[in-house]
Number of protein chains: 4
Amino acid sequence: MTERTFVLTFSCRDRPGIVLAVSRQLFEVGCDIHDSQQYDDPGSGRFFSRIVFAGSGAHSEETLRERLGPLMIDLDATTWQVRDRSRRRRVLLMASGSDHCLGDLLYRWRAGDLEMDVAGIVSNHPPERHATLQAAGVPYHHLHVTPTTKSAQEQEVWRVVKESEADLVVLARYMQILSEDLASRLHGWCINIHHSFLPGFKGARPYQQAYERGVKLIGATAHYVTPDLDEGPIIEQAVEPISHRDTPEQLVRKGKDIERRVLAAAVQAHLQDRVLLNGNKTIVFPA
Amino acid sequence: MTERTFVLTFSCRDRPGIVLAVSRQLFEVGCDIHDSQQYDDPGSGRFFSRIVFAGSGAHSEETLRERLGPLMIDLDATTWQVRDRSRRRRVLLMASGSDHCLGDLLYRWRAGDLEMDVAGIVSNHPPERHATLQAAGVPYHHLHVTPTTKSAQEQEVWRVVKESEADLVVLARYMQILSEDLASRLHGWCINIHHSFLPGFKGARPYQQAYERGVKLIGATAHYVTPDLDEGPIIEQAVEPISHRDTPEQLVRKGKDIERRVLAAAVQAHLQDRVLLNGNKTIVFPA
Amino acid sequence: MTERTFVLTFSCRDRPGIVLAVSRQLFEVGCDIHDSQQYDDPGSGRFFSRIVFAGSGAHSEETLRERLGPLMIDLDATTWQVRDRSRRRRVLLMASGSDHCLGDLLYRWRAGDLEMDVAGIVSNHPPERHATLQAAGVPYHHLHVTPTTKSAQEQEVWRVVKESEADLVVLARYMQILSEDLASRLHGWCINIHHSFLPGFKGARPYQQAYERGVKLIGATAHYVTPDLDEGPIIEQAVEPISHRDTPEQLVRKGKDIERRVLAAAVQAHLQDRVLLNGNKTIVFPA
Amino acid sequence: MTERTFVLTFSCRDRPGIVLAVSRQLFEVGCDIHDSQQYDDPGSGRFFSRIVFAGSGAHSEETLRERLGPLMIDLDATTWQVRDRSRRRRVLLMASGSDHCLGDLLYRWRAGDLEMDVAGIVSNHPPERHATLQAAGVPYHHLHVTPTTKSAQEQEVWRVVKESEADLVVLARYMQILSEDLASRLHGWCINIHHSFLPGFKGARPYQQAYERGVKLIGATAHYVTPDLDEGPIIEQAVEPISHRDTPEQLVRKGKDIERRVLAAAVQAHLQDRVLLNGNKTIVFPA
């Protein structure tokens, strides 16, 4: 039987013997640890771990969950997960009128650089708006929205999420604020790109704000969506230098490059199970 | 007679013929333009210029001010300046308990990398606090301050500024907020280093704020001091990546490197007459 | 008549009065200088200038060349050029099997971020290889090449360059070495992207070389093509950090992001007439 | 008894059960793992590990070496080490005429940012050359060198290394090439800073080389010294953008900032036992 690779991630209260207990259990199950990263948070007293291990072809996510479950209960692990690395996540991409992030994710997916299946595209704009994207074969859901239809539209969004069996939602410059209800349902599996270096320039038109303040760097921030707008756990950030010569339009143009890079890096980290939530912060293990 | 080099900086309302008028006047005076940089701000409709030119030994700042003055009046230049590049600015350094920025500026000055004379050091801490700094020969003014003596202490600061003939004041981690009065008097010639990437994390303990927010980059900002705390025109900014592993103490340590680098770059730009004020923003011409 | 904007670039031996002479001539022609950047190279004793100016609708490239020509002869300007900014350059894109740079340039062109017309695509691979690119309407020239047909293929390449009226050729990961003859003909208007931080890792398989040497940063370099492979004048470079965890395959993946960014920046600088040749080096005026 | 923290680093041939074996042994000895980082090198088939653990006050480096030794033999660990984190390394700093790196390391040491003791300073220049450094109390060894006295001088260097009980030697811009013999003796515990982004611009005058080639970034490289000049395992690298305006002198000035930052980071990584040798490459675990 061929070897299969799995990723175990979990967090629990820190205490002596965790590494031993987990490595013993994996050894007894017949698995071999290829990589292991951990973090003891002195602030919260919690332990975070990501272990990559190889099993024989006899192992599956289900059998491993059974074999590891009792230990995880013992450790009082509040969240834990075993994934077969060959099972790709199903990702739903949402965008409004701008398509630089959407197009970039589709490009990386087609090039084989993002280990995911694209479950569909949701946009509040019609498909003609994104005609130059090469999205043949990807279901496109045009879900128009107005202030009065927002609630109904979000029900449709949720229906698409469920029917497409998405397990990650990426807001690739989707310029609608999610309701508290929808944001809560997507907690921990919905990534947004904000076009500023948070916490600076929250809210609307961050590049205009940056221009008016006269900053010398602009940036972008990818974070998990929470009901508090622009306040969710940050996954990735980057900045680029600008100068007094840059008009707001040029900032928008330069910013697009940063946004697509930052969003792709955050999505990649999530797909590789390298991001663990720690309250309103993240642990991001290096690739 | 030997050649001397001068820098002319000015800003005025934009209109046709400025470059011609200035280059003609310099040519007639017998000067040769070595470098010229300009910026037309489409927002404010203003023109900003920095011209480096060589004159014969017969020229001095005084004679050039006379010869260029009428043209500057013609152009309605609100601020303009001619400096002999061989005349070094006199810089007063102010610091509180931390000396990484102070020590760094002193090092660069001694190494000949900052074209300035150090007019003195002002601190609200006694000289023993900074005993490891090599500041022999630099006057050290210990001006203790408490909430009740703040006004009197600022009068002392101002006295030192005047008596030391300083034409630039650098707040190298001076942790006292200047009064509106003193900030106004130093408008345009007082540079502060703030230990965050403004406008994020204004006010006190920015690294603790950054830790709590879980950002993935920390930074520093050098800006001119204005009565509005942390709101003055930004000269220079930089950031460095951090990770979930960094404690607040490690952020402080990493931040020190960024702060000293950013402050030195801003001071250097000012000393080289490369920074022009444009309302609450700056033009910073490349070195 | 509406205003039109032009860019004048020239280089000549440095001497007093150049700025005056050019600004006077432009003023007399009825043009207004919007931006002017210059550089006096102390090494070569040469003067480089880029001037953006507005003329009335009566001006054209032809009339301006007539009016400025005598002055340029006077200044002994070896190369000079006036361009109407509204006239877009015609760019021929060449690629082999990898399409990340090609696709990126096409994306930026369609998004309106690169001020050019795409004159065509030349590839030594068939169009099916690049089927996912959205290049509808762009002529695709499949020019197969083998060691024995190289000379004939290059004649075909040159024919396409001429017939498509290209005035810029971009080697967007075109993995064939141009002959000395073709490289010479394209001198100054052919940009290549090399997938290393030159002068490190010249030649083939730079990411494999970087992996073997154990460097901690990888990079990319955009340069003008010359008969000396990987030795042409450098326009733009960038690097990103890597770690011991990165396999050669991951370096290739990370490198693709750097390559497309660096190439796009170099092409943009060329299109905006911000790059001037200075022997085997470049002057790149800031945007 | 108070808790003491230790760092175990080792490398061995990869095989199943290593993590289990080590964590079991540490558990049985009564130690608690605080941090563990590992790397399986697919190229060499070797396993690299760094484990931070707490023991009771009863543990010492000696007792732990006894308790872990048999396991390390079992694992066939070619190099392994247990260090008490409270025991500081003794570092010998070597410099020639430039003191920016030397002064920077001394500053960070005095500020408490580098966890080391300074065992002494060796220079081929007299102490007057570095008079502005605050090195009171640090033994200064002036070991003059000429081509004919090189061998004798290196014997003196080695004597100082032994007598000062140094366990790390830092070439902080020491501009003499070590002989093959001395380089070999210091294998793995001698760090050099080279003032270029290796492998570009090896050898002498790298900034002059960079100027002549017209690169757009300059950098610095910290590496372990080996008999092959500029070819040792790289620990840390960084670059900064430059422009056509930068003269060789300005490159030297800008480079000094990069050099001191890169060297300090490499020394810090070594002091924290985060660097493991992997043939001619390094594993550098994140801080």
# chains A, B, ... in the order shown; residues from 1 in each chain; ligands from 1
>>> interface_residues(of="chain B", to="chain C", cutoff="6 Å", atoms="only C-alpha atoms", output="MDAnalysis selection string")
chainID B and resid 16 20 23:24 32 37
>>> write_last_selection(atoms="C-alpha atoms", output="PDB file, in the first residue's frame")
ATOM      1  CA  PRO B  16       4.380  78.271 -16.438  1.00  0.00           C
ATOM      2  CA  LEU B  20      13.133  78.869 -16.831  1.00  0.00           C
ATOM      3  CA  SER B  23      17.639  78.564 -14.142  1.00  0.00           C
ATOM      4  CA  ARG B  24      18.094  81.917 -15.910  1.00  0.00           C
ATOM      5  CA  ASP B  32      25.955  76.003 -12.502  1.00  0.00           C
ATOM      6  CA  GLN B  37      14.377  67.940  -8.511  1.00  0.00           C
TER       7      GLN B  37
END
>>> residues_around(residues="D:Glu128", least_positions_apart="5", cutoff="12 Å", atoms="only C-alpha atoms", output="list in words")
Gly97, Asp99, Ser123, Leu133, Ala135, Tyr140 and His142 of chain D
>>> write_last_selection(atoms="N, CA, C and O atoms", output="CSV table (one decimal), in the first residue's frame")
chain,number,residue,atom,x,y,z
D,97,GLY,N,40.2,48.1,10.6
D,97,GLY,CA,40.0,49.5,10.8
D,97,GLY,C,38.6,50.1,11.0
D,97,GLY,O,38.4,51.0,11.7
D,99,ASP,N,34.9,50.2,12.4
D,99,ASP,CA,34.3,49.7,13.7
D,99,ASP,C,32.8,49.7,13.7
D,99,ASP,O,32.3,49.6,14.8
D,123,SER,N,42.4,43.0,17.2
D,123,SER,CA,42.5,43.9,16.0
D,123,SER,C,43.9,44.0,15.5
D,123,SER,O,44.9,43.9,16.3
D,133,LEU,N,35.0,53.9,20.6
D,133,LEU,CA,34.1,52.8,21.1
D,133,LEU,C,34.2,52.8,22.6
D,133,LEU,O,35.2,53.0,23.2
D,135,ALA,N,34.6,50.6,25.2
D,135,ALA,CA,35.0,49.2,25.4
D,135,ALA,C,35.7,49.0,26.7
D,135,ALA,O,36.5,48.1,26.9
D,140,TYR,N,41.8,44.4,25.1
D,140,TYR,CA,42.0,44.7,23.7
D,140,TYR,C,43.4,44.1,23.3
D,140,TYR,O,44.4,44.5,23.9
D,142,HIS,N,46.1,44.0,20.5
D,142,HIS,CA,46.5,44.6,19.2
D,142,HIS,C,47.5,43.6,18.6
D,142,HIS,O,48.7,43.5,19.1
>>> residues_around(residues="A:Gln81", least_positions_apart="4", cutoff="9 Å", atoms="only C-alpha atoms", output="PyMOL selection string")
chain A and resi 7-10+65
>>> write_last_selection(atoms="all heavy atoms", output="mmCIF file, in the first residue's frame")
data_model
loop_
_atom_site.group_PDB
_atom_site.id
_atom_site.type_symbol
_atom_site.label_atom_id
_atom_site.label_comp_id
_atom_site.auth_asym_id
_atom_site.auth_seq_id
_atom_site.Cartn_x
_atom_site.Cartn_y
_atom_site.Cartn_z
ATOM 1 N N VAL A 7 -1.932 15.672 8.290
ATOM 2 C CA VAL A 7 -1.554 16.796 9.159
ATOM 3 C C VAL A 7 -2.472 16.796 10.367
ATOM 4 O O VAL A 7 -3.706 16.819 10.215
ATOM 5 C CB VAL A 7 -1.686 18.158 8.439
ATOM 6 C CG1 VAL A 7 -1.126 19.266 9.329
ATOM 7 C CG2 VAL A 7 -0.989 18.141 7.104
ATOM 8 N N LEU A 8 -1.882 16.746 11.527
ATOM 9 C CA LEU A 8 -2.637 16.866 12.779
ATOM 10 C C LEU A 8 -2.385 18.249 13.359
ATOM 11 O O LEU A 8 -1.226 18.656 13.525
ATOM 12 C CB LEU A 8 -2.160 15.803 13.774
ATOM 13 C CG LEU A 8 -2.640 15.962 15.236
ATOM 14 C CD1 LEU A 8 -4.139 15.761 15.360
ATOM 15 C CD2 LEU A 8 -1.870 15.011 16.146
ATOM 16 N N THR A 9 -3.450 18.978 13.627
ATOM 17 C CA THR A 9 -3.309 20.262 14.332
ATOM 18 C C THR A 9 -4.214 20.230 15.554
ATOM 19 O O THR A 9 -5.334 19.725 15.497
ATOM 20 C CB THR A 9 -3.720 21.466 13.450
ATOM 21 O OG1 THR A 9 -5.000 21.190 12.858
ATOM 22 C CG2 THR A 9 -2.715 21.730 12.355
ATOM 23 N N PHE A 10 -3.706 20.766 16.656
ATOM 24 C CA PHE A 10 -4.546 20.840 17.859
ATOM 25 C C PHE A 10 -4.004 21.902 18.800
ATOM 26 O O PHE A 10 -2.841 22.320 18.695
ATOM 27 C CB PHE A 10 -4.613 19.475 18.573
ATOM 28 C CG PHE A 10 -3.307 19.023 19.185
ATOM 29 C CD1 PHE A 10 -3.022 19.271 20.526
ATOM 30 C CD2 PHE A 10 -2.363 18.339 18.428
ATOM 31 C CE1 PHE A 10 -1.823 18.843 21.101
ATOM 32 C CE2 PHE A 10 -1.164 17.921 18.989
ATOM 33 C CZ PHE A 10 -0.899 18.173 20.328
ATOM 34 N N ARG A 65 -8.907 9.598 13.241
ATOM 35 C CA ARG A 65 -9.712 10.341 14.213
ATOM 36 C C ARG A 65 -10.122 9.439 15.367
ATOM 37 O O ARG A 65 -10.110 9.833 16.523
ATOM 38 C CB ARG A 65 -10.954 10.928 13.532
ATOM 39 C CG ARG A 65 -10.725 12.346 13.046
ATOM 40 C CD ARG A 65 -11.971 12.976 12.446
ATOM 41 N NE ARG A 65 -11.567 13.773 11.289
ATOM 42 C CZ ARG A 65 -12.011 13.600 10.058
ATOM 43 N NH1 ARG A 65 -12.900 12.651 9.792
ATOM 44 N NH2 ARG A 65 -11.567 14.370 9.092
#
>>> residues_around(residues="D:Gly214", least_positions_apart="6", cutoff="12 Å", atoms="only C-alpha atoms", output="compact mmCIF listing (two decimals) with all heavy atoms, in the first residue's frame")
# COMPACT_ATOMS: atom_id res chain seq x y z
N LEU C 198 20.99 38.75 -10.05
CA LEU C 198 22.29 38.90 -10.72
C LEU C 198 23.18 39.86 -9.93
O LEU C 198 22.67 40.77 -9.31
CB LEU C 198 22.09 39.40 -12.15
CG LEU C 198 21.48 38.40 -13.12
CD1 LEU C 198 21.18 39.06 -14.45
CD2 LEU C 198 22.37 37.18 -13.31
N PRO C 199 24.50 39.68 -9.93
CA PRO C 199 25.25 38.73 -10.74
C PRO C 199 25.37 37.33 -10.12
O PRO C 199 26.15 36.53 -10.62
CB PRO C 199 26.63 39.38 -10.83
CG PRO C 199 26.76 40.08 -9.52
CD PRO C 199 25.38 40.56 -9.17
N THR C 221 15.87 39.57 -11.69
CA THR C 221 16.51 40.73 -12.29
C THR C 221 15.94 40.98 -13.68
O THR C 221 15.94 40.08 -14.51
CB THR C 221 18.04 40.47 -12.43
OG1 THR C 221 18.59 40.15 -11.16
CG2 THR C 221 18.75 41.67 -13.03
N HIS C 223 16.52 43.12 -17.08
CA HIS C 223 17.63 43.87 -17.70
C HIS C 223 17.42 43.96 -19.20
O HIS C 223 16.69 43.16 -19.79
CB HIS C 223 18.96 43.19 -17.38
CG HIS C 223 19.08 41.79 -17.95
ND1 HIS C 223 19.61 41.52 -19.18
CD2 HIS C 223 18.69 40.59 -17.44
CE1 HIS C 223 19.57 40.22 -19.41
NE2 HIS C 223 19.01 39.63 -18.37
N GLU C 231 24.33 39.81 -18.80
CA GLU C 231 25.25 40.90 -18.45
C GLU C 231 24.71 42.27 -18.83
O GLU C 231 25.39 43.28 -18.66
CB GLU C 231 26.62 40.69 -19.13
CG GLU C 231 27.37 39.47 -18.68
CD GLU C 231 27.97 39.61 -17.28
OE1 GLU C 231 27.95 40.73 -16.73
OE2 GLU C 231 28.44 38.59 -16.74
N GLY C 232 23.50 42.33 -19.36
CA GLY C 232 22.96 43.59 -19.84
C GLY C 232 22.63 44.55 -18.70
O GLY C 232 22.57 44.16 -17.53
N PRO C 233 22.37 45.82 -19.06
CA PRO C 233 22.08 46.85 -18.06
C PRO C 233 20.84 46.49 -17.23
O PRO C 233 19.77 46.21 -17.78
CB PRO C 233 21.81 48.10 -18.91
CG PRO C 233 22.49 47.85 -20.21
CD PRO C 233 22.41 46.37 -20.42
N ILE C 234 20.99 46.52 -15.92
CA ILE C 234 19.93 46.11 -15.00
C ILE C 234 18.93 47.25 -14.80
O ILE C 234 19.32 48.39 -14.56
CB ILE C 234 20.53 45.69 -13.65
CG1 ILE C 234 21.37 44.42 -13.82
CG2 ILE C 234 19.44 45.49 -12.61
CD1 ILE C 234 22.18 44.05 -12.60
N ILE C 235 17.65 46.92 -14.91
CA ILE C 235 16.60 47.92 -14.72
C ILE C 235 15.97 47.80 -13.33
O ILE C 235 15.71 48.79 -12.66
CB ILE C 235 15.49 47.77 -15.80
CG1 ILE C 235 16.10 47.81 -17.20
CG2 ILE C 235 14.41 48.83 -15.65
CD1 ILE C 235 15.14 47.37 -18.30
N GLU C 236 15.71 46.58 -12.91
CA GLU C 236 14.96 46.38 -11.65
C GLU C 236 15.35 45.05 -11.05
O GLU C 236 15.58 44.07 -11.77
CB GLU C 236 13.46 46.39 -11.97
CG GLU C 236 12.53 46.13 -10.82
CD GLU C 236 12.16 47.37 -10.03
OE1 GLU C 236 12.44 48.49 -10.51
OE2 GLU C 236 11.60 47.22 -8.93
N GLN C 237 15.42 45.00 -9.71
CA GLN C 237 15.70 43.76 -9.00
C GLN C 237 14.88 43.71 -7.72
O GLN C 237 14.54 44.73 -7.15
CB GLN C 237 17.19 43.69 -8.60
CG GLN C 237 18.14 43.69 -9.79
CD GLN C 237 19.59 43.46 -9.38
OE1 GLN C 237 20.18 44.30 -8.74
NE2 GLN C 237 20.14 42.31 -9.73
N LEU C 277 19.78 54.73 -20.77
CA LEU C 277 21.00 53.91 -20.75
C LEU C 277 22.22 54.77 -20.47
O LEU C 277 22.36 55.88 -21.02
CB LEU C 277 21.17 53.21 -22.11
CG LEU C 277 20.36 51.93 -22.27
CD1 LEU C 277 20.41 51.45 -23.71
CD2 LEU C 277 20.90 50.84 -21.34
N ASN C 278 23.11 54.24 -19.65
CA ASN C 278 24.36 54.92 -19.31
C ASN C 278 25.46 53.87 -19.41
O ASN C 278 25.86 53.29 -18.41
CB ASN C 278 24.27 55.52 -17.90
CG ASN C 278 25.53 56.26 -17.51
OD1 ASN C 278 26.36 56.60 -18.36
ND2 ASN C 278 25.69 56.50 -16.21
N GLY C 279 25.91 53.61 -20.64
CA GLY C 279 26.86 52.53 -20.85
C GLY C 279 26.19 51.22 -20.50
O GLY C 279 25.08 50.94 -20.97
N ASN C 280 26.80 50.43 -19.63
CA ASN C 280 26.19 49.17 -19.25
C ASN C 280 25.37 49.28 -17.98
O ASN C 280 25.10 48.30 -17.31
CB ASN C 280 27.27 48.08 -19.07
CG ASN C 280 26.65 46.70 -19.18
OD1 ASN C 280 25.80 46.47 -20.04
ND2 ASN C 280 27.04 45.79 -18.30
N LYS C 281 24.98 50.51 -17.64
CA LYS C 281 24.13 50.71 -16.49
C LYS C 281 22.90 51.51 -16.91
O LYS C 281 22.81 51.98 -18.04
CB LYS C 281 24.90 51.47 -15.40
CG LYS C 281 26.20 50.78 -15.00
CD LYS C 281 26.67 51.15 -13.63
CE LYS C 281 27.27 52.53 -13.58
NZ LYS C 281 27.89 52.79 -12.25
N THR C 282 21.96 51.63 -16.01
CA THR C 282 20.77 52.41 -16.32
C THR C 282 20.56 53.52 -15.29
O THR C 282 20.94 53.39 -14.13
CB THR C 282 19.48 51.55 -16.30
OG1 THR C 282 19.31 51.02 -14.97
CG2 THR C 282 19.53 50.42 -17.29
N ILE C 283 19.98 54.60 -15.77
CA ILE C 283 19.38 55.61 -14.91
C ILE C 283 17.90 55.25 -14.87
O ILE C 283 17.29 55.12 -15.94
CB ILE C 283 19.49 57.02 -15.53
CG1 ILE C 283 20.89 57.30 -16.09
CG2 ILE C 283 19.00 58.09 -14.57
CD1 ILE C 283 21.98 57.27 -15.10
N VAL C 284 17.32 55.06 -13.70
CA VAL C 284 15.86 54.83 -13.62
C VAL C 284 15.28 55.94 -12.75
O VAL C 284 15.42 55.94 -11.53
CB VAL C 284 15.53 53.45 -13.03
CG1 VAL C 284 14.01 53.23 -13.03
CG2 VAL C 284 16.21 52.33 -13.81
N TYR D 207 31.51 46.76 -2.90
CA TYR D 207 30.66 47.90 -3.23
C TYR D 207 31.10 48.54 -4.54
O TYR D 207 30.29 49.01 -5.32
CB TYR D 207 30.63 48.92 -2.08
CG TYR D 207 29.95 48.37 -0.85
CD1 TYR D 207 30.63 48.27 0.36
CD2 TYR D 207 28.63 47.94 -0.90
CE1 TYR D 207 30.00 47.76 1.49
CE2 TYR D 207 28.00 47.42 0.22
CZ TYR D 207 28.69 47.33 1.41
OH TYR D 207 28.07 46.81 2.52
N GLN D 208 32.41 48.57 -4.76
CA GLN D 208 32.91 49.08 -6.04
C GLN D 208 32.42 48.18 -7.18
O GLN D 208 31.98 48.66 -8.22
CB GLN D 208 34.45 49.14 -6.01
CG GLN D 208 35.07 49.71 -7.28
CD GLN D 208 34.76 51.18 -7.48
OE1 GLN D 208 34.63 51.93 -6.52
NE2 GLN D 208 34.60 51.60 -8.74
N PRO D 241 17.52 48.64 -1.27
CA PRO D 241 17.52 49.23 -2.61
C PRO D 241 18.51 50.38 -2.72
O PRO D 241 18.71 51.14 -1.77
CB PRO D 241 16.09 49.74 -2.79
CG PRO D 241 15.54 49.88 -1.41
CD PRO D 241 16.25 48.87 -0.55
N ILE D 242 19.14 50.50 -3.86
CA ILE D 242 19.99 51.66 -4.16
C ILE D 242 19.55 52.22 -5.51
O ILE D 242 18.68 51.65 -6.16
CB ILE D 242 21.49 51.28 -4.21
CG1 ILE D 242 21.72 50.19 -5.27
CG2 ILE D 242 21.96 50.80 -2.84
CD1 ILE D 242 23.18 49.98 -5.62
N SER D 243 20.14 53.32 -5.91
CA SER D 243 19.78 53.89 -7.20
C SER D 243 21.02 54.34 -7.94
O SER D 243 22.13 54.29 -7.42
CB SER D 243 18.81 55.06 -7.02
OG SER D 243 19.52 56.26 -6.82
N HIS D 244 20.80 54.79 -9.18
CA HIS D 244 21.92 55.28 -9.98
C HIS D 244 22.61 56.47 -9.32
O HIS D 244 23.73 56.81 -9.65
CB HIS D 244 21.41 55.67 -11.37
CG HIS D 244 20.32 56.72 -11.33
ND1 HIS D 244 18.99 56.40 -11.26
CD2 HIS D 244 20.37 58.07 -11.30
CE1 HIS D 244 18.26 57.51 -11.20
NE2 HIS D 244 19.07 58.53 -11.24
N ARG D 245 21.93 57.14 -8.40
CA ARG D 245 22.52 58.30 -7.75
C ARG D 245 23.61 57.93 -6.75
O ARG D 245 24.40 58.78 -6.35
CB ARG D 245 21.45 59.08 -6.99
CG ARG D 245 20.49 59.86 -7.88
CD ARG D 245 19.39 60.47 -7.03
NE ARG D 245 18.61 61.40 -7.81
CZ ARG D 245 18.87 62.70 -7.92
NH1 ARG D 245 19.89 63.21 -7.29
NH2 ARG D 245 18.11 63.46 -8.67
N ASP D 246 23.63 56.67 -6.31
CA ASP D 246 24.56 56.28 -5.27
C ASP D 246 25.98 56.11 -5.80
O ASP D 246 26.24 55.30 -6.68
CB ASP D 246 24.10 54.98 -4.60
CG ASP D 246 22.89 55.20 -3.72
OD1 ASP D 246 23.01 55.97 -2.75
OD2 ASP D 246 21.82 54.65 -4.02
N THR D 247 26.90 56.88 -5.24
CA THR D 247 28.32 56.72 -5.57
C THR D 247 28.86 55.51 -4.78
O THR D 247 28.22 55.05 -3.84
CB THR D 247 29.10 57.96 -5.13
OG1 THR D 247 28.92 58.11 -3.71
CG2 THR D 247 28.57 59.21 -5.83
N PRO D 248 30.03 55.02 -5.15
CA PRO D 248 30.61 53.93 -4.36
C PRO D 248 30.71 54.29 -2.87
O PRO D 248 30.48 53.45 -2.01
CB PRO D 248 32.00 53.75 -4.99
CG PRO D 248 31.85 54.20 -6.40
CD PRO D 248 30.85 55.32 -6.35
N LEU D 251 27.40 53.82 -1.31
CA LEU D 251 27.12 52.39 -1.16
C LEU D 251 27.80 51.87 0.10
O LEU D 251 27.22 51.11 0.87
CB LEU D 251 27.59 51.61 -2.38
CG LEU D 251 26.90 51.94 -3.71
CD1 LEU D 251 27.32 50.93 -4.77
CD2 LEU D 251 25.39 51.94 -3.56
>>> residues_around(residues="stretch 108-122 of chain D", least_positions_apart="5", cutoff="9 Å", atoms="only C-alpha atoms", output="PyMOL selection string")
(chain B and resi 100+132+253) or (chain D and resi 86-96+102-103+135+138-143+157+160-161+164-166+264+267-268+271-272)
>>> decode(residues="stretch 190-211 of chain C", atoms="C-alpha atoms", output="PDB file, in the first residue's frame")
ATOM      1  CA  CYS C 190      14.375  44.371 -25.463  1.00  0.00           C
ATOM      2  CA  ILE C 191      13.839  43.536 -21.776  1.00  0.00           C
ATOM      3  CA  ASN C 192      14.559  40.118 -20.279  1.00  0.00           C
ATOM      4  CA  ILE C 193      13.695  38.668 -16.879  1.00  0.00           C
ATOM      5  CA  HIS C 194      16.392  36.518 -15.302  1.00  0.00           C
ATOM      6  CA  HIS C 195      15.296  34.323 -12.429  1.00  0.00           C
ATOM      7  CA  SER C 196      18.094  35.200 -10.034  1.00  0.00           C
ATOM      8  CA  PHE C 197      19.508  38.158  -8.220  1.00  0.00           C
ATOM      9  CA  LEU C 198      22.287  38.895 -10.716  1.00  0.00           C
ATOM     10  CA  PRO C 199      25.252  38.728 -10.744  1.00  0.00           C
ATOM     11  CA  GLY C 200      24.658  35.678  -8.547  1.00  0.00           C
ATOM     12  CA  PHE C 201      23.561  32.496 -10.295  1.00  0.00           C
ATOM     13  CA  LYS C 202      23.979  33.351 -13.938  1.00  0.00           C
ATOM     14  CA  GLY C 203      23.037  30.826 -16.552  1.00  0.00           C
ATOM     15  CA  ALA C 204      20.740  27.857 -16.243  1.00  0.00           C
ATOM     16  CA  ARG C 205      18.697  26.590 -13.289  1.00  0.00           C
ATOM     17  CA  PRO C 206      19.377  29.488 -10.918  1.00  0.00           C
ATOM     18  CA  TYR C 207      16.929  28.223  -8.282  1.00  0.00           C
ATOM     19  CA  GLN C 208      18.738  24.897  -8.153  1.00  0.00           C
ATOM     20  CA  GLN C 209      22.000  26.812  -7.777  1.00  0.00           C
ATOM     21  CA  ALA C 210      20.472  28.929  -4.993  1.00  0.00           C
ATOM     22  CA  TYR C 211      19.254  25.800  -3.212  1.00  0.00           C
TER      23      TYR C 211
END
